file start05.txt (compact mmCIF, C-alpha atoms)
# COMPACT_ATOMS: atom_id res chain seq x y z
CA MET A 1 -28.56 105.59 93.52
CA LYS A 2 -28.16 101.91 94.34
CA ALA A 3 -25.72 100.07 92.10
CA ASP A 4 -27.03 97.25 89.92
CA LYS A 5 -26.00 93.91 91.45
CA SER A 6 -24.57 92.54 88.21
CA LEU A 7 -22.46 95.66 87.76
CA LEU A 8 -21.01 95.04 91.18
CA SER A 9 -20.35 91.29 91.17
CA GLY A 10 -17.34 91.31 88.85
CA SER A 11 -15.58 94.00 90.78
CA THR A 12 -16.26 92.79 94.34
CA THR A 13 -12.93 90.97 94.56
CA LEU A 14 -11.25 94.18 93.44
CA LEU A 15 -13.06 96.10 96.17
CA VAL A 16 -12.29 93.50 98.84
CA LEU A 17 -8.59 93.34 97.93
CA SER A 18 -8.46 97.12 97.81
CA LEU A 19 -10.02 97.38 101.30
CA LEU A 20 -7.52 94.86 102.68
CA SER A 21 -4.54 96.62 101.07
CA THR A 22 -4.86 99.37 103.69
CA GLY A 23 -4.79 96.97 106.65
CA ASP A 24 -6.11 93.72 108.14
CA LYS A 25 -9.87 93.65 108.60
CA TYR A 26 -12.68 91.34 109.66
CA GLY A 27 -15.83 90.81 107.64
CA TYR A 28 -18.17 93.38 109.12
CA GLU A 29 -15.41 95.99 109.22
CA MET A 30 -15.03 95.64 105.44
CA ILE A 31 -18.78 96.01 104.84
CA ALA A 32 -18.94 99.08 107.08
CA GLU A 33 -15.97 100.69 105.35
CA LEU A 34 -17.27 99.86 101.89
CA ASP A 35 -20.58 101.39 102.84
CA ALA A 36 -18.99 104.57 104.21
CA ARG A 37 -16.45 105.04 101.41
CA SER A 38 -18.96 104.49 98.61
CA ASP A 39 -21.49 106.83 100.18
CA HIS A 40 -23.97 103.92 100.59
CA THR A 41 -23.82 103.06 96.85
CA PHE A 42 -22.47 99.54 97.24
CA THR A 43 -24.91 97.72 99.44
CA LEU A 44 -24.06 94.19 98.44
CA LYS A 45 -25.81 91.32 100.17
CA GLU A 46 -23.49 91.03 103.14
CA GLY A 47 -23.51 87.22 103.22
CA THR A 48 -21.90 87.06 99.77
CA LEU A 49 -18.75 88.64 101.19
CA TYR A 50 -17.79 85.36 102.86
CA PRO A 51 -17.69 83.11 99.79
CA ILE A 52 -15.55 85.83 98.19
CA LEU A 53 -13.16 85.94 101.16
CA HIS A 54 -12.96 82.14 101.46
CA GLY A 55 -12.34 81.90 97.70
CA LEU A 56 -9.55 84.48 97.90
CA GLU A 57 -8.06 82.58 100.82
CA ARG A 58 -8.07 79.36 98.82
CA GLU A 59 -6.32 81.13 95.95
CA GLY A 60 -3.74 82.39 98.41
CA ALA A 61 -4.56 86.06 97.86
CA VAL A 62 -5.52 86.53 101.53
CA LYS A 63 -4.73 84.77 104.79
CA SER A 64 -7.03 84.58 107.80
CA TYR A 65 -6.22 84.52 111.49
CA THR A 66 -8.19 85.01 114.70
CA LYS A 67 -7.43 87.90 116.99
CA GLU A 68 -9.17 89.76 119.75
CA ALA A 69 -10.77 92.93 118.40
CA ASP A 70 -10.86 96.23 120.30
CA SER A 71 -14.29 95.27 121.62
CA GLY A 72 -12.70 92.28 123.41
CA ARG A 73 -14.37 89.67 121.20
CA THR A 74 -12.33 87.41 118.97
CA ARG A 75 -12.69 88.02 115.26
CA LYS A 76 -11.53 86.28 112.12
CA TYR A 77 -9.24 88.80 110.43
CA TYR A 78 -8.06 88.73 106.84
CA ARG A 79 -4.67 89.89 105.62
CA ILE A 80 -3.71 90.46 102.00
CA THR A 81 -0.71 88.42 100.79
CA LYS A 82 1.95 89.35 98.22
CA LYS A 83 0.03 87.27 95.70
CA GLY A 84 -3.09 89.26 96.61
CA LEU A 85 -1.29 92.56 96.13
CA ARG A 86 -0.16 91.49 92.66
CA ALA A 87 -3.71 90.43 91.78
CA LEU A 88 -4.97 93.80 93.05
CA GLU A 89 -2.54 95.68 90.79
CA GLU A 90 -3.62 93.64 87.76
CA GLN A 91 -7.33 94.06 88.48
CA LYS A 92 -6.88 97.77 89.06
CA LYS A 93 -5.20 98.14 85.68
CA GLU A 94 -7.97 96.16 83.98
CA TRP A 95 -10.58 98.29 85.70
CA VAL A 96 -8.96 101.57 84.67
CA ASP A 97 -8.60 100.30 81.12
CA PHE A 98 -12.22 99.17 81.01
CA SER A 99 -13.63 102.35 82.51
CA GLN A 100 -11.60 104.52 80.10
CA LYS A 101 -13.09 102.64 77.14
CA VAL A 102 -16.62 102.95 78.54
CA ASN A 103 -16.07 106.67 79.16
CA ALA A 104 -14.76 107.13 75.66
CA ILE A 105 -17.86 105.53 74.16
CA LEU A 106 -20.11 107.56 76.41
CA ALA A 107 -18.30 110.70 75.33
CA GLY A 108 -19.33 109.88 71.77
CA CYS A 109 -16.03 109.01 70.19
CA ALA A 110 -14.39 105.60 69.79
CA PRO A 111 -10.88 105.35 71.34
CA ALA A 112 -9.41 104.48 67.89
CA LEU A 113 -10.54 107.86 66.54
CA ALA A 114 -9.48 109.87 69.56
CA MET B 1 -31.46 79.47 121.57
CA ASP B 2 -33.66 79.90 118.55
CA GLY B 3 -33.39 83.40 117.11
CA PRO B 4 -32.96 84.99 113.71
CA PHE B 5 -29.16 84.58 113.95
CA THR B 6 -29.42 80.87 114.71
CA ARG B 7 -31.87 80.35 111.86
CA TYR B 8 -29.69 82.24 109.38
CA CYS B 9 -26.46 80.45 110.34
CA ALA B 10 -28.18 77.05 110.35
CA ALA B 11 -29.59 77.70 106.87
CA VAL B 12 -26.13 78.57 105.52
CA CYS B 13 -24.37 75.67 107.24
CA ALA B 14 -26.99 73.16 106.08
CA GLN B 15 -25.63 73.67 102.54
CA VAL B 16 -22.03 73.02 103.55
CA ARG B 17 -21.36 69.28 103.24
CA PHE B 18 -17.94 69.36 104.90
CA ARG B 19 -19.14 69.34 108.51
CA PRO B 20 -15.83 70.12 110.26
CA ASP B 21 -15.77 73.57 108.59
CA ARG B 22 -19.30 74.43 109.72
CA VAL B 23 -18.17 75.59 113.16
CA SER B 24 -15.82 78.27 111.87
CA ILE B 25 -18.31 79.43 109.23
CA GLN B 26 -21.05 79.64 111.84
CA SER B 27 -18.94 81.69 114.24
CA GLU B 28 -17.75 84.06 111.52
CA LEU B 29 -21.30 84.74 110.31
CA TRP B 30 -22.56 85.06 113.88
CA ASP B 31 -19.88 87.66 114.68
CA HIS B 32 -20.85 89.60 111.58
CA LEU B 33 -24.53 89.58 112.57
CA GLU B 34 -23.69 90.66 116.13
CA ASP B 35 -21.56 93.54 114.84
CA HIS B 36 -24.18 94.72 112.40
CA ALA B 37 -26.99 94.47 114.97
CA ALA B 38 -24.89 96.39 117.52
CA ALA B 39 -24.29 99.15 114.96
CA LEU B 40 -28.00 99.37 114.23
CA GLU B 41 -28.85 99.41 117.94
CA ALA B 42 -26.45 102.31 118.35
CA GLN B 43 -28.54 104.11 115.72
CA GLY B 44 -31.62 103.68 117.90
CA LEU B 45 -33.20 100.44 116.74
CA SER B 46 -34.58 97.98 119.27
CA ARG B 47 -32.58 94.78 119.89
CA GLU B 48 -35.11 92.60 118.05
CA ALA B 49 -35.52 94.97 115.10
CA ALA B 50 -31.73 95.32 114.83
CA LYS B 51 -31.34 91.53 114.75
CA GLU B 52 -33.96 91.14 112.03
CA ALA B 53 -32.43 93.94 109.96
CA ALA B 54 -28.94 92.46 110.28
CA VAL B 55 -30.21 89.09 109.03
CA ALA B 56 -32.11 90.76 106.16
CA ALA B 57 -28.93 92.55 105.06
CA MET B 58 -27.15 89.22 104.69
CA GLY B 59 -29.34 88.12 101.78
CA ASP B 60 -30.31 84.60 100.81
CA PRO B 61 -28.64 82.10 103.19
CA GLU B 62 -28.96 79.20 100.75
CA GLU B 63 -27.14 81.08 98.02
CA VAL B 64 -24.29 81.89 100.42
CA GLY B 65 -24.30 78.30 101.71
CA ARG B 66 -24.05 76.83 98.23
CA ALA B 67 -21.18 79.17 97.34
CA LEU B 68 -19.36 78.22 100.55
CA ASP B 69 -20.01 74.52 99.94
CA ALA B 70 -18.26 74.80 96.57
CA LEU B 71 -15.21 76.27 98.34
CA HIS B 72 -15.24 73.84 101.27
CA SER B 73 -15.41 70.63 99.26
CA PRO B 74 -15.61 67.47 101.36
CA VAL B 75 -13.06 65.60 99.23
CA ALA B 76 -10.37 68.26 99.52
CA GLY B 77 -11.32 68.82 103.17
CA TRP B 78 -10.96 65.20 104.21
CA LEU B 79 -7.78 64.78 102.17
CA LEU B 80 -6.27 67.75 103.96
CA ARG B 81 -7.41 66.35 107.30
CA MET B 82 -5.85 62.97 106.55
CA LEU B 83 -2.63 64.61 105.46
CA THR B 84 -2.56 66.62 108.71
CA TRP B 85 -3.17 63.48 110.77
CA CYS B 86 -0.47 61.59 108.89
CA THR B 87 1.97 64.42 109.53
CA LYS B 88 1.09 64.39 113.23
CA VAL B 89 1.49 60.61 113.51
CA CYS B 90 4.84 60.78 111.70
CA SER B 91 6.09 63.56 113.97
CA ILE B 92 5.09 61.61 117.08
CA ALA B 93 6.81 58.49 115.72
CA ALA B 94 9.92 60.54 115.00
CA LEU B 95 9.87 61.92 118.54
CA ILE B 96 9.51 58.43 120.00
CA LEU B 97 12.42 57.18 117.89
CA LEU B 98 14.48 60.15 119.01
CA PHE B 99 13.64 59.39 122.61
CA LEU B 100 14.54 55.74 122.16
CA SER B 101 17.84 56.54 120.52
CA CYS B 102 18.62 58.83 123.46
CA ARG B 103 17.76 55.91 125.69
CA ARG B 104 20.19 53.80 123.69
CA LEU B 105 22.90 56.35 124.41
CA PHE B 106 21.93 56.11 128.03
CA LEU B 107 22.17 52.33 127.92
CA HIS B 108 25.58 52.60 126.29
CA VAL B 109 26.85 54.64 129.21
CA THR B 110 25.28 52.92 132.16
CA GLY B 111 23.50 49.93 130.63
CA PRO B 112 26.08 47.13 130.86
CA LEU B 113 26.84 47.72 134.53
CA ARG B 114 23.23 47.94 135.55
CA SER B 115 22.16 44.97 133.42
CA VAL B 116 24.90 42.83 134.92
CA GLU B 117 23.66 43.81 138.38
CA VAL B 118 20.08 42.89 137.49
CA TRP B 119 21.21 39.59 136.04
CA THR B 120 23.47 38.84 139.02
CA ALA B 121 20.64 39.50 141.42
CA ALA B 122 18.27 37.31 139.41
CA THR B 123 20.66 34.34 139.11
CA SER B 124 21.73 34.60 142.76
CA GLU B 125 18.31 33.27 143.71
CA TRP B 126 19.24 29.80 142.53
CA ALA B 127 22.96 29.85 141.77
CA ASP B 128 26.09 30.52 143.77
CA GLY B 129 29.59 30.97 142.34
CA ARG B 130 31.54 34.11 141.61
CA VAL B 131 30.40 36.35 138.75
CA TYR B 132 33.18 37.10 136.26
CA HIS B 133 33.30 39.11 133.05
CA PRO B 134 34.74 37.25 130.08
CA THR B 135 35.82 39.33 127.09
CA ALA B 136 33.76 37.51 124.50
CA ILE B 137 32.45 39.67 121.67
CA TYR B 138 31.40 38.91 118.10
CA ARG B 139 30.44 41.58 115.53
CA GLY B 140 27.95 40.23 113.02
CA GLU B 141 26.31 42.01 110.10
CA ASP B 142 23.16 43.15 111.90
CA TYR B 143 23.99 42.28 115.49
CA THR B 144 26.89 42.55 117.90
CA TYR B 145 26.94 39.71 120.42
CA SER B 146 28.78 39.79 123.72
CA VAL B 147 28.83 37.97 127.02
CA GLU B 148 28.59 40.55 129.80
CA GLY B 149 28.83 38.25 132.74
CA ALA B 150 29.18 34.55 133.62
CA ARG B 151 29.11 32.37 136.73
CA LEU B 152 29.66 28.68 137.34
CA ALA B 153 27.38 27.10 139.91
CA GLU B 154 27.26 23.66 141.43
CA LYS B 155 24.07 21.92 142.44
CA GLU B 156 23.91 18.27 143.46
CA ASP B 157 27.28 17.45 141.87
CA SER B 158 26.24 18.94 138.57
CA TRP B 159 27.80 22.12 137.15
CA THR B 160 25.95 24.83 135.30
CA LEU B 161 27.41 27.78 133.42
CA TYR B 162 25.11 30.81 133.63
CA TYR B 163 25.85 33.76 131.36
CA LEU B 164 24.32 37.07 130.36
CA LEU B 165 24.19 37.50 126.58
CA ARG B 166 23.95 41.04 125.21
CA VAL B 167 22.80 41.53 121.61
CA GLU B 168 23.08 45.01 120.15
CA HIS B 169 21.16 45.96 117.00
CA LYS B 170 20.93 49.40 115.45
CA ASN B 171 17.65 48.56 113.76
CA PRO B 172 14.78 48.32 116.29
CA TRP B 173 12.82 46.03 113.92
CA LEU B 174 15.50 43.40 114.51
CA ARG B 175 14.97 43.35 118.27
CA ARG B 176 14.39 40.16 120.22
CA PRO B 177 15.73 37.47 117.90
CA THR B 178 14.68 34.09 119.39
CA LEU B 179 18.28 33.29 120.25
CA GLN B 180 17.43 31.61 123.54
CA TYR B 181 16.37 28.49 121.61
CA LEU B 182 19.05 28.61 118.92
CA ILE B 183 22.39 28.71 120.70
CA ARG B 184 24.13 25.38 121.08
CA ALA B 185 27.43 24.90 122.87
CA GLU B 186 30.61 22.83 122.71
CA ASP B 187 33.43 22.47 125.19
CA ASP B 188 37.14 21.98 124.55
CA VAL B 189 37.00 18.28 125.44
CA GLY B 190 34.46 17.44 122.77
CA ASN B 191 31.12 17.48 124.60
CA LEU B 192 28.13 18.88 122.75
CA TYR B 193 25.33 20.77 124.46
CA PRO B 194 22.37 20.89 122.05
CA CYS B 195 20.05 23.86 121.98
CA PHE B 196 16.34 23.77 122.70
CA ARG B 197 15.45 23.52 118.99
CA GLU B 198 17.65 20.50 118.46
CA GLN B 199 16.43 18.62 121.50
CA THR B 200 12.92 19.12 122.71
CA TRP B 201 13.46 18.06 126.30
CA ALA B 202 14.90 20.83 128.44
CA GLY B 203 17.86 21.72 126.25
CA SER B 204 21.38 21.55 127.61
CA SER B 205 21.92 25.05 126.26
CA THR B 206 18.99 27.40 126.64
CA GLY B 207 17.72 30.52 128.41
CA ASN B 208 15.22 33.34 128.60
CA PHE B 209 14.73 36.70 127.03
CA MET B 210 15.09 39.50 129.65
CA SER B 211 12.48 42.11 128.83
CA ASP B 212 13.04 44.38 131.83
CA ILE B 213 16.57 45.39 130.87
CA SER B 214 16.22 45.19 127.08
CA SER B 215 15.66 48.23 124.88
CA PRO B 216 14.70 48.53 121.20
CA PHE B 217 18.39 48.60 120.40
CA VAL B 218 19.83 46.16 122.92
CA THR B 219 18.37 42.76 123.83
CA TYR B 220 19.54 40.74 126.83
CA TYR B 221 19.22 37.01 127.43
CA ASP B 222 19.67 35.12 130.65
CA MET B 223 21.27 31.85 129.41
CA TRP B 224 22.75 28.66 130.82
CA VAL B 225 24.61 25.51 129.75
CA SER B 226 24.16 22.40 131.83
CA PRO B 227 25.53 19.95 132.90
CA VAL B 228 29.07 21.16 132.21
CA ASP B 229 31.78 18.51 132.02
CA PRO B 230 34.13 19.12 134.99
CA SER B 231 37.20 18.51 132.82
CA ALA B 232 36.36 21.32 130.35
CA THR B 233 38.25 24.64 130.53
CA GLU B 234 36.16 26.63 128.07
CA ILE B 235 32.75 26.59 126.47
CA THR B 236 32.08 27.84 122.93
CA LEU B 237 28.60 29.10 122.09
CA ILE B 238 27.52 28.56 118.51
CA CYS B 239 24.51 29.86 116.60
CA ASP B 240 24.16 28.27 113.17
CA TYR B 241 20.52 27.33 113.17
CA TYR B 242 19.83 29.30 110.00
CA GLY B 243 22.70 27.72 108.06
CA PRO B 244 25.98 29.66 108.00
CA ARG B 245 27.38 30.45 111.41
CA GLU B 246 25.83 33.58 112.79
CA PHE B 247 28.35 33.76 115.60
CA THR B 248 30.63 31.86 117.95
CA LEU B 249 31.61 33.10 121.39
CA THR B 250 34.05 31.41 123.70
CA ILE B 251 33.65 31.67 127.46
CA PRO B 252 36.62 30.50 129.51
CA LEU B 253 35.67 28.62 132.65
CA GLU B 254 38.32 30.58 134.51
CA GLY B 255 37.92 31.38 138.14
CA GLY B 256 35.18 28.81 138.47
CA ALA B 257 35.26 25.95 140.93
CA LEU B 258 36.33 23.63 138.11
CA SER B 259 39.73 25.17 137.55

call {"tool": "encode", "arguments": {"input": "start05.txt", "output": "structure tokens"}}
result
Amino acid sequence: MKADKSLLSGSTTLLVLSLLSTGDKYGYEMIAELDARSDHTFTLKEGTLYPILHGLEREGAVKSYTKEADSGRTRKYYRITKKGLRALEEQKKEWVDFSQKVNAILAGCAPALA
Amino acid sequence: MDGPFTRYCAAVCAQVRFRPDRVSIQSELWDHLEDHAAALEAQGLSREAAKEAAVAAMGDPEEVGRALDALHSPVAGWLLRMLTWCTKVCSIAALILLFLSCRRLFLHVTGPLRSVEVWTAATSEWADGRVYHPTAIYRGEDYTYSVEGARLAEKEDSWTLYYLLRVEHKNPWLRRPTLQYLIRAEDDVGNLYPCFREQTWAGSSTGNFMSDISSPFVTYYDMWVSPVDPSATEITLICDYYGPREFTLTIPLEGGALS
């Protein structure tokens, strides 16, 4: 099943930060890993990754640098900063909170009554 | 080269108003497309089909371009550029100042000797007489004045006192005061030698600024007083053109042919 685009948009920063928390990556590497780890569920329009990355860089959540990749070509790599790691923790918490509430409703009982 | 990659990147970059950032955006997108196409080729697609598929996976270039334009605003971009340039200019200026102050140190160590040599060589072309080194120094508020060397020369029964004036100033903006026209002289028997400003015909007390041995912190002047009264035993240089006396320096006429 392909994910609905609107369902994905809010959580893309969370996914990007989460991917970078395991190591520095360049754009295509992130897309490929996202694709593999989500079992081809998250096929976001690849171009939209860059405004997200540039936005995160402006906020100071990630830093970019150019380095030669294993293939011998130079690539623009992104590294998560301390600020980015804090943002990731917050967004993770929000996501868990949100998904628990959705699950509770889907299970047929409001969290207040649980 | 006009291909799907070029078209895609151009369509994105066309939306980005801050041109200097277009290059890095273009190369980042191009790398992405190359990587994706290579992966698809490895799966068995033809080069052309892989390129088209990689571009298709990127989505709408205009949407991406508009989003990037919002993040790469021209105002912030140019401001940052200007700030970077200013920083660079300031650093270069600081380096130059550092270099010049080192040069000042250098002049402190070897300057006076060398400058006296230069001056001696220059005056020897038209003046004879022994060069001597009077101890005349005056410490003013912004400048320290001293006479580094002097020589008395005779030409057609008329005596001229040549001297090398050294003016030290810690502030480079105060370099090259127009002292050569402002120093008048007196001798101990009451003769006055007006400066160039006081007397428009070739002043009795005048000189030239010496650019080749001056630095931003030390200015040298090749000066002379003429004709010197043969009965005088010392000459006092006075600079009071701006009102209160800036300095007075007394040069004894010792060792000269007059004594």

call {"tool": "residues_around", "arguments": {"input": "start05.txt", "residues": "Leu19 (chain A)", "least_positions_apart": "6", "cutoff": "9 Å", "atoms": "all atoms listed in the file", "output": "list in words"}}
result
Lys25, Met30, Glu33 and Leu34 of chain A

call {"tool": "interface_residues", "arguments": {"input": "start05.txt", "of": "chain A", "to": "chain B", "cutoff": "12 Å", "atoms": "all atoms listed in the file", "output": "PyMOL selection string"}}
result
chain A and resi 26-32+43-59+64-66+69+71+73-78

call {"tool": "residues_around", "arguments": {"input": "start05.txt", "residues": "Leu249 (chain B)", "least_positions_apart": "5", "cutoff": "10 Å", "atoms": "all atoms listed in the file", "output": "PyMOL selection string"}}
result
chain B and resi 135-138+145-147+185+235-239

call {"tool": "write_last_selection", "arguments": {"input": "start05.txt", "atoms": "C-alpha atoms", "output": "compact mmCIF listing (two decimals), in the frame of the given file"}}
result
# COMPACT_ATOMS: atom_id res chain seq x y z
CA THR B 135 35.82 39.33 127.09
CA ALA B 136 33.76 37.51 124.50
CA ILE B 137 32.45 39.67 121.67
CA TYR B 138 31.40 38.91 118.10
CA TYR B 145 26.94 39.71 120.42
CA SER B 146 28.78 39.79 123.72
CA VAL B 147 28.83 37.97 127.02
CA ALA B 185 27.43 24.90 122.87
CA ILE B 235 32.75 26.59 126.47
CA THR B 236 32.08 27.84 122.93
CA LEU B 237 28.60 29.10 122.09
CA ILE B 238 27.52 28.56 118.51
CA CYS B 239 24.51 29.86 116.60

call {"tool": "closest_residue", "arguments": {"input": "start05.txt", "among": "A:Arg37, A:Lys63, A:Glu68, A:Leu85", "to": "Ser18 (chain A)", "atoms": "only C-alpha atoms"}}
result
A:Leu85

call {"tool": "axis_aligned_box", "arguments": {"input": "start05.txt", "around": "region 77-87 of chain B", "padding_each_side": "4 Å", "output": "lines of an AutoDock Vina configuration file"}}
result
center_x = -4.7
center_y = 65.2
center_z = 106.5
size_x = 21.3
size_y = 15.2
size_z = 16.6

call {"tool": "atom_distance", "arguments": {"input": "start05.txt", "atom1": "CA of Ala10 (chain B)", "atom2": "CA of Arg47 (chain B)"}}
result
20.6 Å

call {"tool": "atom_distance", "arguments": {"input": "start05.txt", "atom1": "CA of Leu253 (chain B)", "atom2": "CA of Tyr221 (chain B)"}}
result
19.2 Å

call {"tool": "closest_residue", "arguments": {"input": "start05.txt", "among": "A:Thr41, A:Ser99, A:Ser21, A:Thr12", "to": "Lys82 (chain A)", "atoms": "only C-alpha atoms"}}
result
A:Ser21

call {"tool": "atom_distance", "arguments": {"input": "start05.txt", "atom1": "CA of Ile183 (chain B)", "atom2": "CA of Glu156 (chain B)"}}
result
25.1 Å

call {"tool": "closest_residue", "arguments": {"input": "start05.txt", "among": "B:Asp21, B:Asp157, B:Asp212, B:Glu41", "to": "Trp119 (chain B)", "atoms": "all atoms listed in the file"}}
result
B:Asp212

call {"tool": "residues_around", "arguments": {"input": "start05.txt", "residues": "Ser158 (chain B)", "least_positions_apart": "2", "cutoff": "10 Å", "atoms": "all atoms listed in the file", "output": "ChimeraX atom specification"}}
result
/B:153-156,160,226-230

call {"tool": "write_last_selection", "arguments": {"input": "start05.txt", "atoms": "C-alpha atoms", "output": "compact mmCIF listing (two decimals), in the coordinates of the input"}}
result
# COMPACT_ATOMS: atom_id res chain seq x y z
CA ALA B 153 27.38 27.10 139.91
CA GLU B 154 27.26 23.66 141.43
CA LYS B 155 24.07 21.92 142.44
CA GLU B 156 23.91 18.27 143.46
CA THR B 160 25.95 24.83 135.30
CA SER B 226 24.16 22.40 131.83
CA PRO B 227 25.53 19.95 132.90
CA VAL B 228 29.07 21.16 132.21
CA ASP B 229 31.78 18.51 132.02
CA PRO B 230 34.13 19.12 134.99

call {"tool": "closest_residue", "arguments": {"input": "start05.txt", "among": "B:Val75, B:Gln15, B:Phe247, B:Tyr162", "to": "Glu141 (chain B)", "atoms": "all atoms listed in the file"}}
result
B:Phe247

call {"tool": "decode", "arguments": {"input": "start05.txt", "residues": "region 61-81 of chain A", "atoms": "C-alpha atoms", "output": "mmCIF file, in the first residue's frame"}}
result
data_model
loop_
_atom_site.group_PDB
_atom_site.id
_atom_site.type_symbol
_atom_site.label_atom_id
_atom_site.label_comp_id
_atom_site.auth_asym_id
_atom_site.auth_seq_id
_atom_site.Cartn_x
_atom_site.Cartn_y
_atom_site.Cartn_z
ATOM 1 C CA ALA A 61 19.189 20.989 12.929
ATOM 2 C CA VAL A 62 21.595 19.638 10.290
ATOM 3 C CA LYS A 63 24.891 20.757 8.794
ATOM 4 C CA SER A 64 26.073 20.034 5.268
ATOM 5 C CA TYR A 65 29.556 19.407 3.936
ATOM 6 C CA THR A 66 31.014 18.019 0.719
ATOM 7 C CA LYS A 67 33.006 14.825 0.748
ATOM 8 C CA GLU A 68 34.094 12.224 -1.739
ATOM 9 C CA ALA A 69 31.747 9.243 -1.620
ATOM 10 C CA ASP A 70 32.898 5.626 -1.988
ATOM 11 C CA SER A 71 32.142 5.858 -5.703
ATOM 12 C CA GLY A 72 34.824 8.580 -6.026
ATOM 13 C CA ARG A 73 32.336 11.368 -6.774
ATOM 14 C CA THR A 74 31.907 14.287 -4.413
ATOM 15 C CA ARG A 75 28.610 14.427 -2.591
ATOM 16 C CA LYS A 76 26.883 16.915 -0.337
ATOM 17 C CA TYR A 77 26.531 15.114 2.984
ATOM 18 C CA TYR A 78 24.266 16.083 5.857
ATOM 19 C CA ARG A 79 25.062 15.625 9.529
ATOM 20 C CA ILE A 80 22.594 15.955 12.379
ATOM 21 C CA THR A 81 23.513 18.555 15.018
#
